[in-house]
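Inspection log for the structure reproduced underneath, given as structure tokens.
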Amino acid sequence: MEELLKKNTILQKCWVWNDTVTNFVKGKIQGKSLNVCAGLNPICDINMDLDPKDKSILKGDMRLLPFDSNSFDTVVSDPPWKIGYYERFKPFFECVRVCKVGGRIIYNATWIPSCPSGDVKLIDVYVRQDNDFSNTSIICIFEKIQDNPDYNSKQELQLSQDMRGKE
């Protein structure tokens with residue numbers, strides 16, 4: 001049995017995508033890109049995580065991204081899969097806020113997010129499963145089709161207040 005375990009066991013670092021997922025996502029990135037909740041996947045122009053493990057990854061909170069609205073052509077996010085239902089909304093809305101109109105959001109989670117304001121359109125859905133009988137995730141690709149100036153200004157005001165509080 002021990003030999004079988006050694007033969008069939010695949011060990012991989014936590015918080016890093018396998019090559020198949022990494023290459024798939026890289027192939028979907030266009031223009032200036034941001035990776036939110038980057039873990040150990042610095043695949044974008046700017047990579048951010050609440051607890052960066054790599055010097056190339058900036059420290060930042062997915063619930064209040066430290067970037068101007070409409071800054072990126074592509075936003076990639078792989079949020080923690082065990083966050084509560086009501087904690088899932090704001091991180092997705094922030095990805096939408098910092099994405100340019102016409103840009104795309106690539107979201108890897110165990111749920112499919114939505115935007116009640118109609119700011120995004122779901123373009124593609126891919127189910128990811130790494131092994132037989134393993135848990136799955138859903139890689140959703142959205143296009144930002146309109147801006148939401150009211151939400152943007154509220155978030156940018158909160159961001160500027162937070163920055164002043166840190167000075």
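Letters A, B, ... go to the chains of the structure tokens in the order shown; residues in each chain start at 1; ligands are counted from 1 in the same order.
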Return as a count of residues only the full set of residues in chain A whose backbone-based DSSP assignment is helix (DSSP H, G or I). 48
Could you list, as number ranges by chain, every residue within 12 Å of region 28-32 of chain A, counting only C-alpha atoms and ignoring same-chain residues fewer than 6 positions away? A: 21-22, 43-47, 70-77, 98-100, 102-107, 123-124, 139-143
DSSP strand (DSSP E) selection over chain A, as a PyMOL selection string: chain A and resi 33-36+46-49+58-59+72-77+99-109+120-129+136-144
Please, what distance in Å, to one decimal, runs between CA of Asp68 (chain A) and CA of Trp81 (chain A)?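 Separation between CA of Asp68 (chain A) and CA of Trp81 (chain A): 26.1 Å.
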